[in-house]
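Listing of query24.json; format and content: JSON, C-alpha atoms.
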[["chain", "number", "residue", "atom", "x", "y", "z"],
["H", 1, "MET", "CA", 0.00, 0.00, 0.00],
["H", 2, "ASN", "CA", 1.84, 3.06, -1.25],
["H", 3, "LYS", "CA", -1.01, 5.48, -1.89],
["H", 4, "PHE", "CA", -3.98, 6.74, -0.01],
["H", 5, "THR", "CA", -7.30, 5.26, -1.08],
["H", 6, "LEU", "CA", -10.91, 6.29, -1.36],
["H", 7, "GLU", "CA", -11.53, 4.07, 1.66],
["H", 8, "ASN", "CA", -9.00, 6.15, 3.63],
["H", 9, "TYR", "CA", -10.92, 9.24, 2.59],
["H", 10, "PHE", "CA", -14.18, 7.79, 3.87],
["H", 11, "GLN", "CA", -12.46, 6.75, 7.12],
["H", 12, "LEU", "CA", -11.31, 10.33, 7.55],
["H", 13, "HIS", "CA", -14.93, 11.49, 7.40],
["H", 14, "ASP", "CA", -16.44, 8.57, 9.32],
["H", 15, "GLY", "CA", -19.12, 9.93, 11.60],
["H", 16, "LYS", "CA", -18.77, 13.40, 10.14],
["H", 17, "ALA", "CA", -20.36, 13.08, 6.70],
["H", 18, "ILE", "CA", -22.46, 10.59, 4.79],
["H", 19, "ASP", "CA", -23.17, 12.62, 1.67],
["H", 20, "PHE", "CA", -20.38, 13.62, -0.66],
["H", 21, "ARG", "CA", -20.09, 15.81, -3.73],
["H", 22, "LEU", "CA", -18.08, 14.39, -6.60],
["H", 23, "ARG", "CA", -16.95, 16.42, -9.63],
["H", 24, "VAL", "CA", -15.78, 14.39, -12.66],
["H", 25, "GLN", "CA", -13.41, 15.73, -15.30],
["H", 26, "LYS", "CA", -12.27, 14.22, -18.60],
["H", 27, "ASP", "CA", -8.92, 15.30, -20.04],
["H", 28, "GLN", "CA", -7.71, 15.51, -23.66],
["H", 29, "ASN", "CA", -6.63, 11.85, -23.54],
["H", 30, "ASN", "CA", -10.13, 10.76, -22.47],
["H", 31, "GLN", "CA", -8.83, 9.93, -18.99],
["H", 32, "TYR", "CA", -11.20, 10.58, -16.14],
["H", 33, "SER", "CA", -10.40, 12.14, -12.81],
["H", 34, "PHE", "CA", -12.52, 13.49, -10.02],
["H", 35, "TYR", "CA", -12.42, 15.27, -6.73],
["H", 36, "ILE", "CA", -14.58, 14.43, -3.78],
["H", 37, "ARG", "CA", -15.61, 16.48, -0.78],
["H", 38, "PRO", "CA", -18.25, 16.20, 1.92],
["H", 39, "GLN", "CA", -21.55, 17.76, 0.95],
["H", 40, "ASP", "CA", -22.89, 20.57, 3.14],
["H", 41, "VAL", "CA", -20.31, 20.03, 5.93],
["H", 42, "ASP", "CA", -16.67, 21.00, 6.47],
["H", 43, "GLY", "CA", -14.17, 18.43, 5.28],
["H", 44, "GLU", "CA", -11.24, 17.68, 3.08],
["H", 45, "THR", "CA", -11.17, 17.56, -0.72],
["H", 46, "TRP", "CA", -9.08, 14.82, -2.32],
["H", 47, "ASP", "CA", -8.35, 14.26, -6.02],
["H", 48, "PHE", "CA", -8.37, 10.89, -7.75],
["H", 49, "LYS", "CA", -7.42, 9.65, -11.21],
["H", 50, "VAL", "CA", -9.48, 6.80, -12.69],
["H", 51, "ILE", "CA", -7.39, 4.02, -14.22],
["H", 52, "GLY", "CA", -9.73, 1.28, -15.43],
["H", 53, "ASN", "CA", -11.35, -0.11, -12.29],
["H", 54, "PHE", "CA", -8.68, 1.44, -10.08],
["H", 55, "LEU", "CA", -8.30, 4.84, -8.47],
["H", 56, "GLU", "CA", -5.08, 6.72, -7.81],
["H", 57, "CYS", "CA", -5.12, 9.46, -5.19],
["H", 58, "THR", "CA", -3.39, 12.44, -6.78],
["H", 59, "THR", "CA", -3.67, 14.78, -3.82],
["H", 60, "SER", "CA", -0.16, 15.58, -2.62],
["H", 61, "VAL", "CA", 1.19, 13.53, 0.26],
["H", 62, "SER", "CA", 1.63, 16.59, 2.46],
["H", 63, "GLU", "CA", -1.96, 17.75, 1.85],
["H", 64, "THR", "CA", -3.26, 14.25, 2.52],
["H", 65, "LEU", "CA", -1.24, 13.89, 5.70],
["H", 66, "ASN", "CA", -2.39, 17.30, 6.89],
["H", 67, "SER", "CA", -6.00, 16.30, 6.42],
["H", 68, "LEU", "CA", -5.46, 12.99, 8.22],
["H", 69, "LEU", "CA", -3.87, 14.72, 11.19],
["H", 70, "VAL", "CA", -6.81, 16.98, 11.91],
["H", 71, "ASP", "CA", -7.50, 15.71, 15.43],
["H", 72, "GLY", "CA", -7.16, 12.76, 17.80],
["H", 73, "GLU", "CA", -10.65, 11.48, 17.04],
["H", 74, "THR", "CA", -9.74, 11.16, 13.38],
["H", 75, "LEU", "CA", -6.75, 8.99, 14.27],
["H", 76, "THR", "CA", -8.91, 6.60, 16.28],
["H", 77, "ASN", "CA", -11.18, 6.10, 13.25],
["H", 78, "LEU", "CA", -8.29, 5.17, 10.93],
["H", 79, "ASP", "CA", -7.24, 1.57, 10.53],
["H", 80, "LYS", "CA", -3.74, 0.28, 11.22],
["H", 81, "ASN", "CA", -2.76, 0.19, 7.51],
["H", 82, "VAL", "CA", -3.53, 3.88, 7.12],
["H", 83, "LEU", "CA", -1.44, 4.74, 10.17],
["H", 84, "PHE", "CA", 1.45, 2.66, 8.82],
["H", 85, "LEU", "CA", 1.11, 4.41, 5.48],
["H", 86, "MET", "CA", 1.18, 7.79, 7.22],
["H", 87, "ILE", "CA", 4.34, 6.81, 9.09],
["H", 88, "LYS", "CA", 5.94, 5.57, 5.87],
["H", 89, "GLN", "CA", 5.04, 8.76, 4.00],
["H", 90, "LEU", "CA", 6.39, 10.89, 6.85],
["H", 91, "ALA", "CA", 9.62, 8.89, 6.84],
["H", 92, "ILE", "CA", 9.95, 9.42, 3.07],
["H", 93, "LYS", "CA", 9.31, 13.15, 3.49],
["H", 94, "ILE", "CA", 11.91, 13.38, 6.29],
["H", 95, "GLN", "CA", 14.42, 11.52, 4.11],
["H", 96, "GLU", "CA", 13.73, 13.91, 1.22],
["H", 97, "LEU", "CA", 14.28, 16.90, 3.50],
["H", 98, "GLU", "CA", 17.49, 15.39, 4.86],
["H", 99, "THR", "CA", 18.71, 14.83, 1.30],
["H", 100, "VAL", "CA", 17.94, 18.44, 0.38],
["H", 101, "ASN", "CA", 19.61, 19.72, 3.54],
["H", 102, "THR", "CA", 22.66, 17.53, 2.93],
["H", 103, "SER", "CA", 22.89, 18.79, -0.63],
["H", 104, "GLN", "CA", 22.56, 22.40, 0.49],
["H", 105, "ARG", "CA", 25.13, 21.85, 3.24],
["H", 106, "ASP", "CA", 27.54, 20.28, 0.74],
["H", 107, "GLN", "CA", 27.06, 23.22, -1.63],
["H", 108, "LEU", "CA", 27.65, 25.65, 1.22],
["H", 109, "PHE", "CA", 30.85, 23.85, 2.31],
["H", 110, "LYS", "CA", 32.07, 23.83, -1.29],
["H", 111, "ARG", "CA", 31.39, 27.56, -1.60],
["H", 112, "VAL", "CA", 33.23, 28.25, 1.68],
["H", 113, "GLU", "CA", 36.21, 26.22, 0.42],
["H", 114, "GLU", "CA", 36.19, 28.21, -2.83],
["H", 115, "LEU", "CA", 36.12, 31.48, -0.90],
["H", 116, "GLU", "CA", 38.94, 30.33, 1.38],
["H", 117, "GLN", "CA", 40.98, 29.33, -1.69],
["H", 118, "PHE", "CA", 40.27, 32.70, -3.28],
["H", 119, "GLN", "CA", 41.37, 34.44, -0.06],
["H", 120, "ARG", "CA", 44.65, 32.45, 0.02],
["H", 121, "GLU", "CA", 45.34, 33.27, -3.62],
["H", 122, "TYR", "CA", 44.55, 36.93, -2.99],
["H", 123, "GLU", "CA", 46.88, 37.06, 0.02],
["H", 124, "THR", "CA", 49.62, 35.31, -1.96],
["H", 125, "GLN", "CA", 49.19, 37.82, -4.78],
["H", 126, "GLN", "CA", 49.36, 40.68, -2.24],
["H", 127, "GLU", "CA", 52.61, 39.28, -0.84],
["H", 128, "HIS", "CA", 54.10, 39.02, -4.36],
["H", 129, "ASP", "CA", 53.08, 42.57, -5.11],
["H", 130, "ARG", "CA", 54.71, 43.79, -1.86],
["H", 131, "ASP", "CA", 57.87, 41.83, -2.62],
["H", 132, "ARG", "CA", 58.13, 43.45, -6.06],
["H", 133, "SER", "CA", 57.84, 46.96, -4.68]]

Once you've parsed the file, please lay out its structure as structure tokens.
Amino acid sequence: MNKFTLENYFQLHDGKAIDFRLRVQKDQNNQYSFYIRPQDVDGETWDFKVIGNFLECTTSVSETLNSLLVDGETLTNLDKNVLFLMIKQLAIKIQELETVNTSQRDQLFKRVEELEQFQREYETQQEHDRDRS
């Protein structure tokens, strides 16, 4: 289980909504997608792509996780697989952030080394200029 499902969406709204509004769209390639939201009550909107008899949740992981973490009552209504998926998605997001931070740190260290090298070359050039005068 690598994606959130329509069942997860219904679990999120369990006890909060029974009627939902669904808006279907058809793209240039005749592929269908839709978004769903609770009707006449506050709730989350998730997007899905229709692939044959299967659905793919296309709402971003961070948006989905934010909607799942609304309150403690929501967490008690979610099944174990959804909680494991949330943990897995959070771990992936943390790893992505660590990768970005590591990359930025490496770039920063490289830039500092370049500046230090430039400073050494500048000081060496200054010493040569003084020696010539």

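If you count all atoms listed in the file and draw a sphere of 12 Å around (-22.8, 12.3, 2.1), the protein and nucleic acid residues inside it come out as Phe10, His13, Asp14, Gly15, Lys16, Ala17, Ile18, Asp19, Phe20, Arg21, Leu22, Ile36, Arg37, Pro38, Gln39, Asp40, Val41, Asp42 and Gly43 of chain H.
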
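Taking CA of Lys3 in chain H and CA of Gln95 in chain H as endpoints, the distance between them is 17.6 Å.
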
Of the listed residues H:Ile92, H:Glu127, H:Glu7, H:Phe48, that which approaches Val24 in chain H most closely, counting only C-alpha atoms: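 Between H:Ile92, H:Glu127, H:Glu7, H:Phe48, the residue approaching Val24 in chain H most closely is H:Phe48.
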
Mind giving me the straight-line distance from CA of Val50 in chain H to CA of Asn8 in chain H in Å, one decimal? 16.3 Å

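With distances taken over all atoms listed in the file, H:Leu12 is the one residue among H:Val100, H:Gln117, H:Leu12, H:Asn30 lying closest to Glu44 in chain H.
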
Atom pair CA of Gln11 in chain H + CA of Leu90 in chain H, distance 19.3 Å

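Nearest residue to Tyr35 in chain H, choosing from H:Leu108, H:Leu115, H:Ile94, H:Leu6 and counting all atoms listed in the file: H:Leu6.
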
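Among the candidate residues H:Thr5, H:Gln89, H:Ser133, H:Thr45, the one lying nearest to Arg23 in chain H is H:Thr45, with distances computed using only C-alpha atoms.
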